[in-house]
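Take a look at the structure set out below.
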Amino acid sequence: MTGVAETGAPPAPPARKALGPDGVVPLAVLERSGLIESRHSGAAVLTRPDGTLALELGDGDADVWGRSSLKPFQALAALRAGAPLDGEELVLATASHAGTPAHIAVVERVLDAAGAVADDLQCPHDWPLDRRAMLDAHAAGHGTRRIAMNCSGKHAAFLLACRVNGFSTGDYLDRQHPMQLLVAETIADYTGQIPDRVGVDGCGAPVFATGLTALARGIGRIAGARERGDDPLAATLAGAILDHPWAIDGPGRSNTVVIDRLGVIAKLGAEGVLVVGMPDGTGFAMKMLDGNLRATTTVALDILAAHGLVDPDESAAVAAETAERVLGGGQPVGGIRSVALAG
């Protein structure tokens with residue numbers, strides 16, 4: 001390892017302004033019985049395979065917390081640290097998983113490789129996101145567990161990287177820990193932007209602020225690594241995600257359906273963040289200002305289809321399948337519609 005992980009974090013640049021009301025545009029509406037009931041505004045960016053800007057809606061340079069959309073970079077940092085991850089284990093390092101028995105079994109394999117147990121994870125106790133898994137866990141008397149928390153695969157990967165390098169494990173979430181310094185370095189290397197703010201994510205790990213343009217560029221670099229052939233670690237990560245889409249989210253869940261049906265890399269983040277990477281290296285990133293995730297996939301697929309990057313009919317079917325249903329008396333009475341390119 002070089003750079004940040006060995007020499008300490010680089011001097012933080014002056015903080016960029018945070019994304020706010022002056023930096024967003026209308027992106028989606030929810031209609032009920034012919035009337036627009038709710039509106040979602042945000043910012044969205046599309047970058048070309050060479051990293052240049054192809055589309056900017058709103059302010060693509062303003063700071064956002066990447067939240068779980070940073071997980072591909074965190075997983076890549078674990079690979080760069082020498083963690084022996086591949087296949088499903090690597091995807092769980094990237095995942096916001098649903099906590100099904102299959103997900104938990106993979107996390108347990110990573111913990112075994114790290115010589116660790118579930119109690120060594122420092123993510124919070126939680127219920128599985130998958131409803132059936134949650135009900136089964138409750139019926140089995142498990143209660144909330146660290147390993148069921150959607151970020152447990154990432155934390156297990158951190159522990160494995162620490163074991164390989166002889167790093168301390170009790171403080172692996174400290175922002176000055178070698179593992180977290182390598183995460184910051186990896187984000188800077190792939191996005192081309194040094195994070196100017198460091199906070200605490202919901203799982204307790206450091207979370208880094210960047211602009212959406214930087215996020216789009218970074219996910220594009222990872223997704224396009226196999227086609228470029230110049231980055232074996234990123235190519236391994238991209239290939240694993242495409243080969244095991246169930247592991248990054250869960251059966252029937254948004255990211256899994258998008259990856260499986262469209263052959264792209266997609267990763268949601270809390271508070272309305274989504275990144276998508278195309279096999280040719282095109283990158284996309286967006287943030288809903290109100291933090292609501294329900295329209296993010298619909299907007300992303302609308303933009304990608306309009307630019308000829310995904311099949312429009314298949315992407316429309318995926319959007320319809322993954323979007324929140326608008327019901328009245330149990331029957332459809334409306335829907336969510338992208339207006340990102342309406343004007």
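Each chain of the structure tokens is named A, B, ... in the order shown, its residues numbered from 1; ligands are numbered from 1 in display order.
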What's around Phe158 of chain A at 10 Å? Count only C-alpha atoms, leave out sequence neighbours fewer than 2 positions away in its own chain, and write the answer as a compact mmCIF listing (two decimals) with N, CA, C and O atoms, in the first residue's frame.
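Printed below is selection.txt as written:
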```txt
# COMPACT_ATOMS: atom_id res chain seq x y z
N GLN A 74 -15.06 1.15 -1.10
CA GLN A 74 -14.60 0.54 0.14
C GLN A 74 -14.18 -0.92 -0.10
O GLN A 74 -13.17 -1.39 0.45
N ALA A 75 -14.96 -1.63 -0.91
CA ALA A 75 -14.60 -3.01 -1.25
C ALA A 75 -13.29 -3.05 -2.04
O ALA A 75 -12.44 -3.92 -1.83
N ALA A 77 -10.92 -0.90 -1.81
CA ALA A 77 -9.85 -0.62 -0.87
C ALA A 77 -9.43 -1.89 -0.13
O ALA A 77 -8.23 -2.12 0.10
N ALA A 78 -10.40 -2.73 0.22
CA ALA A 78 -10.07 -4.00 0.88
C ALA A 78 -9.25 -4.88 -0.06
O ALA A 78 -8.28 -5.54 0.37
N LEU A 79 -9.60 -4.90 -1.34
CA LEU A 79 -8.81 -5.65 -2.32
C LEU A 79 -7.39 -5.07 -2.44
O LEU A 79 -6.41 -5.82 -2.49
N ALA A 81 -5.78 -3.65 -0.24
CA ALA A 81 -5.06 -4.00 0.99
C ALA A 81 -4.63 -5.46 1.01
O ALA A 81 -3.96 -5.90 1.95
N ALA A 83 -6.86 -8.17 0.80
CA ALA A 83 -7.87 -9.10 1.29
C ALA A 83 -8.21 -10.10 0.19
O ALA A 83 -8.54 -9.70 -0.93
N ALA A 93 -18.90 -7.51 0.31
CA ALA A 93 -18.14 -6.35 0.77
C ALA A 93 -18.67 -5.06 0.16
O ALA A 93 -18.42 -3.97 0.68
N VAL A 110 -16.53 -14.93 5.26
CA VAL A 110 -15.51 -13.89 5.31
C VAL A 110 -14.97 -13.74 6.73
O VAL A 110 -13.76 -13.60 6.94
N LEU A 111 -15.85 -13.78 7.71
CA LEU A 111 -15.41 -13.70 9.10
C LEU A 111 -14.49 -14.87 9.45
O LEU A 111 -13.47 -14.70 10.13
N ALA A 114 -11.15 -14.29 8.25
CA ALA A 114 -10.48 -13.24 9.04
C ALA A 114 -10.13 -13.70 10.45
O ALA A 114 -9.53 -12.94 11.22
N LEU A 121 -17.68 -7.62 14.63
CA LEU A 121 -18.22 -6.58 13.75
C LEU A 121 -18.60 -5.36 14.58
O LEU A 121 -19.15 -5.50 15.68
N SER A 152 -22.93 -5.51 7.11
CA SER A 152 -22.02 -6.43 7.79
C SER A 152 -20.98 -7.03 6.85
O SER A 152 -19.86 -7.34 7.29
N GLY A 153 -21.30 -7.19 5.57
CA GLY A 153 -20.31 -7.72 4.64
C GLY A 153 -19.13 -6.79 4.46
O GLY A 153 -17.97 -7.24 4.39
N LYS A 154 -19.39 -5.50 4.41
CA LYS A 154 -18.32 -4.51 4.32
C LYS A 154 -17.44 -4.55 5.57
O LYS A 154 -16.20 -4.53 5.47
N HIS A 155 -18.05 -4.63 6.72
CA HIS A 155 -17.29 -4.67 7.97
C HIS A 155 -16.46 -5.95 8.05
O HIS A 155 -15.31 -5.91 8.52
N ALA A 156 -17.02 -7.07 7.60
CA ALA A 156 -16.25 -8.31 7.60
C ALA A 156 -15.04 -8.19 6.67
O ALA A 156 -13.95 -8.70 6.99
N LEU A 160 -11.06 -8.67 7.48
CA LEU A 160 -10.17 -9.56 6.74
C LEU A 160 -8.94 -8.80 6.25
O LEU A 160 -7.81 -9.32 6.33
N ALA A 161 -9.13 -7.59 5.75
CA ALA A 161 -7.99 -6.78 5.30
C ALA A 161 -7.06 -6.48 6.48
O ALA A 161 -5.82 -6.48 6.33
N CYS A 162 -7.64 -6.23 7.64
CA CYS A 162 -6.81 -5.98 8.83
C CYS A 162 -5.98 -7.21 9.19
O CYS A 162 -4.80 -7.11 9.54
N ARG A 163 -6.60 -8.39 9.12
CA ARG A 163 -5.87 -9.62 9.45
C ARG A 163 -4.70 -9.83 8.50
O ARG A 163 -3.58 -10.17 8.94
N THR A 169 -7.67 -4.42 15.05
CA THR A 169 -9.06 -4.61 14.64
C THR A 169 -10.05 -3.90 15.56
O THR A 169 -11.17 -3.58 15.14
N TYR A 172 -10.90 -0.47 13.93
CA TYR A 172 -10.84 -0.44 12.46
C TYR A 172 -11.75 0.61 11.83
O TYR A 172 -11.61 0.92 10.65
N LEU A 173 -12.66 1.20 12.59
CA LEU A 173 -13.52 2.25 12.06
C LEU A 173 -12.98 3.66 12.33
O LEU A 173 -13.58 4.64 11.87
N MET A 179 -6.80 1.17 7.46
CA MET A 179 -7.85 0.72 6.53
C MET A 179 -8.68 1.89 6.02
O MET A 179 -8.98 1.99 4.83
N GLN A 180 -9.04 2.80 6.90
CA GLN A 180 -9.88 3.92 6.50
C GLN A 180 -9.09 4.96 5.70
O GLN A 180 -9.64 5.63 4.82
```
*strand (DSSP E or B) residues, from DSSP on the backbone, in segment 49-270 of chain A, as a PyMOL selection string*: chain A and resi 53-57+63-65+126+145+198-200+206-211+265-269
Since we have the selection now, will you write its residues out, keeping N, CA, C and O atoms, as a short mmCIF file (atom, residue, chain, number, x, y, z; two decimals), in the first residue's frame?
```
data_model
loop_
_atom_site.label_atom_id
_atom_site.label_comp_id
_atom_site.auth_asym_id
_atom_site.auth_seq_id
_atom_site.Cartn_x
_atom_site.Cartn_y
_atom_site.Cartn_z
N LEU A 53 -17.66 15.34 -18.60
CA LEU A 53 -19.08 15.52 -18.29
C LEU A 53 -19.94 15.40 -19.55
O LEU A 53 -19.71 16.09 -20.54
N ALA A 54 -20.94 14.51 -19.50
CA ALA A 54 -21.88 14.37 -20.61
C ALA A 54 -23.21 15.04 -20.32
O ALA A 54 -23.89 15.51 -21.23
N LEU A 55 -23.61 15.08 -19.05
CA LEU A 55 -24.89 15.68 -18.65
C LEU A 55 -24.78 16.11 -17.21
O LEU A 55 -24.27 15.36 -16.36
N GLU A 56 -25.26 17.30 -16.92
CA GLU A 56 -25.32 17.79 -15.55
C GLU A 56 -26.67 18.44 -15.32
O GLU A 56 -27.01 19.43 -15.96
N LEU A 57 -27.45 17.86 -14.42
CA LEU A 57 -28.74 18.42 -14.02
C LEU A 57 -28.58 18.87 -12.57
O LEU A 57 -28.35 18.05 -11.68
N ASP A 63 -21.08 19.19 -2.60
CA ASP A 63 -20.82 18.03 -1.76
C ASP A 63 -22.09 17.26 -1.42
O ASP A 63 -23.13 17.85 -1.07
N VAL A 64 -21.99 15.94 -1.49
CA VAL A 64 -23.01 15.05 -0.94
C VAL A 64 -22.28 13.95 -0.17
O VAL A 64 -21.13 13.62 -0.46
N TRP A 65 -22.95 13.41 0.83
CA TRP A 65 -22.43 12.20 1.47
C TRP A 65 -22.75 11.03 0.54
O TRP A 65 -23.92 10.80 0.22
N ASP A 126 -29.16 -5.08 14.03
CA ASP A 126 -30.31 -4.69 13.21
C ASP A 126 -31.08 -5.95 12.81
O ASP A 126 -30.58 -7.07 12.92
N ARG A 145 -29.23 -8.54 15.20
CA ARG A 145 -27.85 -9.06 15.22
C ARG A 145 -26.97 -8.17 14.36
O ARG A 145 -27.43 -7.59 13.37
N VAL A 198 -15.27 14.42 6.22
CA VAL A 198 -15.39 13.04 6.69
C VAL A 198 -16.41 13.04 7.82
O VAL A 198 -16.29 13.81 8.78
N GLY A 199 -17.42 12.19 7.71
CA GLY A 199 -18.43 12.07 8.75
C GLY A 199 -18.54 10.63 9.21
O GLY A 199 -17.64 9.82 8.99
N VAL A 200 -19.65 10.30 9.84
CA VAL A 200 -19.90 8.96 10.33
C VAL A 200 -21.16 8.42 9.66
O VAL A 200 -22.23 9.03 9.74
N PRO A 206 -16.45 5.56 8.64
CA PRO A 206 -16.30 6.90 8.07
C PRO A 206 -17.03 6.99 6.72
O PRO A 206 -17.01 6.05 5.93
N VAL A 207 -17.68 8.13 6.49
CA VAL A 207 -18.32 8.41 5.21
C VAL A 207 -17.70 9.68 4.65
O VAL A 207 -17.39 10.61 5.39
N PHE A 208 -17.50 9.70 3.34
CA PHE A 208 -16.73 10.76 2.71
C PHE A 208 -17.62 11.57 1.77
O PHE A 208 -18.49 11.02 1.09
N ALA A 209 -17.39 12.88 1.73
CA ALA A 209 -18.17 13.77 0.88
C ALA A 209 -17.42 14.06 -0.41
O ALA A 209 -16.22 14.38 -0.40
N THR A 210 -18.14 13.95 -1.52
CA THR A 210 -17.61 14.31 -2.83
C THR A 210 -18.74 14.94 -3.63
O THR A 210 -19.90 14.92 -3.21
N GLY A 211 -18.42 15.44 -4.79
CA GLY A 211 -19.43 15.88 -5.72
C GLY A 211 -19.97 14.72 -6.53
O GLY A 211 -19.33 13.66 -6.64
N ILE A 265 -23.73 -1.92 -13.29
CA ILE A 265 -23.50 -1.91 -11.84
C ILE A 265 -24.31 -0.78 -11.24
O ILE A 265 -24.22 0.37 -11.68
N ALA A 266 -25.11 -1.10 -10.24
CA ALA A 266 -25.94 -0.09 -9.58
C ALA A 266 -25.77 -0.22 -8.08
O ALA A 266 -25.72 -1.33 -7.54
N LYS A 267 -25.67 0.91 -7.39
CA LYS A 267 -25.54 0.89 -5.93
C LYS A 267 -26.24 2.08 -5.32
O LYS A 267 -25.85 3.23 -5.54
N LEU A 268 -27.30 1.79 -4.58
CA LEU A 268 -28.02 2.82 -3.86
C LEU A 268 -27.28 3.21 -2.59
O LEU A 268 -26.52 2.42 -2.02
N GLY A 269 -27.51 4.44 -2.16
CA GLY A 269 -27.02 4.91 -0.87
C GLY A 269 -28.17 5.59 -0.14
O GLY A 269 -29.08 6.13 -0.77
#
```
*Output as a VMD selection string all residues of segment 13-91 of chain A that backbone DSSP marks as helix (DSSP H, G or I).*
chain A and resid 21 to 23 67 to 80 87 to 91
Those selected residues, please, written with C-alpha atoms and delivered as an mmCIF file, in the first residue's frame.
```cif
data_model
loop_
_atom_site.group_PDB
_atom_site.id
_atom_site.type_symbol
_atom_site.label_atom_id
_atom_site.label_comp_id
_atom_site.auth_asym_id
_atom_site.auth_seq_id
_atom_site.Cartn_x
_atom_site.Cartn_y
_atom_site.Cartn_z
ATOM 1 C CA PRO A 21 -32.086 24.097 -2.890
ATOM 2 C CA ASP A 22 -30.194 26.332 -5.313
ATOM 3 C CA GLY A 23 -28.369 23.352 -6.803
ATOM 4 C CA ARG A 67 -23.394 6.828 1.929
ATOM 5 C CA SER A 68 -23.634 3.230 0.686
ATOM 6 C CA SER A 69 -22.925 4.260 -2.899
ATOM 7 C CA LEU A 70 -19.320 4.408 -1.641
ATOM 8 C CA LYS A 71 -19.281 0.680 -0.920
ATOM 9 C CA PRO A 72 -17.727 -0.278 -4.285
ATOM 10 C CA PHE A 73 -14.777 1.972 -3.385
ATOM 11 C CA GLN A 74 -14.595 0.538 0.140
ATOM 12 C CA ALA A 75 -14.598 -3.010 -1.247
ATOM 13 C CA LEU A 76 -11.911 -2.032 -3.731
ATOM 14 C CA ALA A 77 -9.846 -0.623 -0.866
ATOM 15 C CA ALA A 78 -10.068 -4.001 0.875
ATOM 16 C CA LEU A 79 -8.806 -5.649 -2.324
ATOM 17 C CA ARG A 80 -5.978 -3.128 -2.589
ATOM 18 C CA GLY A 87 -17.059 -13.907 -6.096
ATOM 19 C CA GLU A 88 -19.897 -13.678 -3.602
ATOM 20 C CA GLU A 89 -17.589 -12.724 -0.745
ATOM 21 C CA LEU A 90 -16.388 -9.695 -2.701
ATOM 22 C CA VAL A 91 -19.926 -8.668 -3.591
#
```
*Enter the distance from atom CA of Ala157 of chain A to atom CA of Ser254 of chain A, in Å, rounded to one decimal.*
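Separation between atom CA of Ala157 of chain A and atom CA of Ser254 of chain A: 23.3 Å.
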*Go through A:Thr191, A:Pro26, A:Ser96, A:Ala137 and flag the residue nearest Thr52 of chain A, using only C-alpha atoms for the distances.*
A:Thr191
*Rounded to one decimal in Å, what is the spacing between atom CA of Val183 of chain A and atom CA of Val117 of chain A?*
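According to the coordinates, atom CA of Val183 of chain A and atom CA of Val117 of chain A are separated by 23.0 Å.
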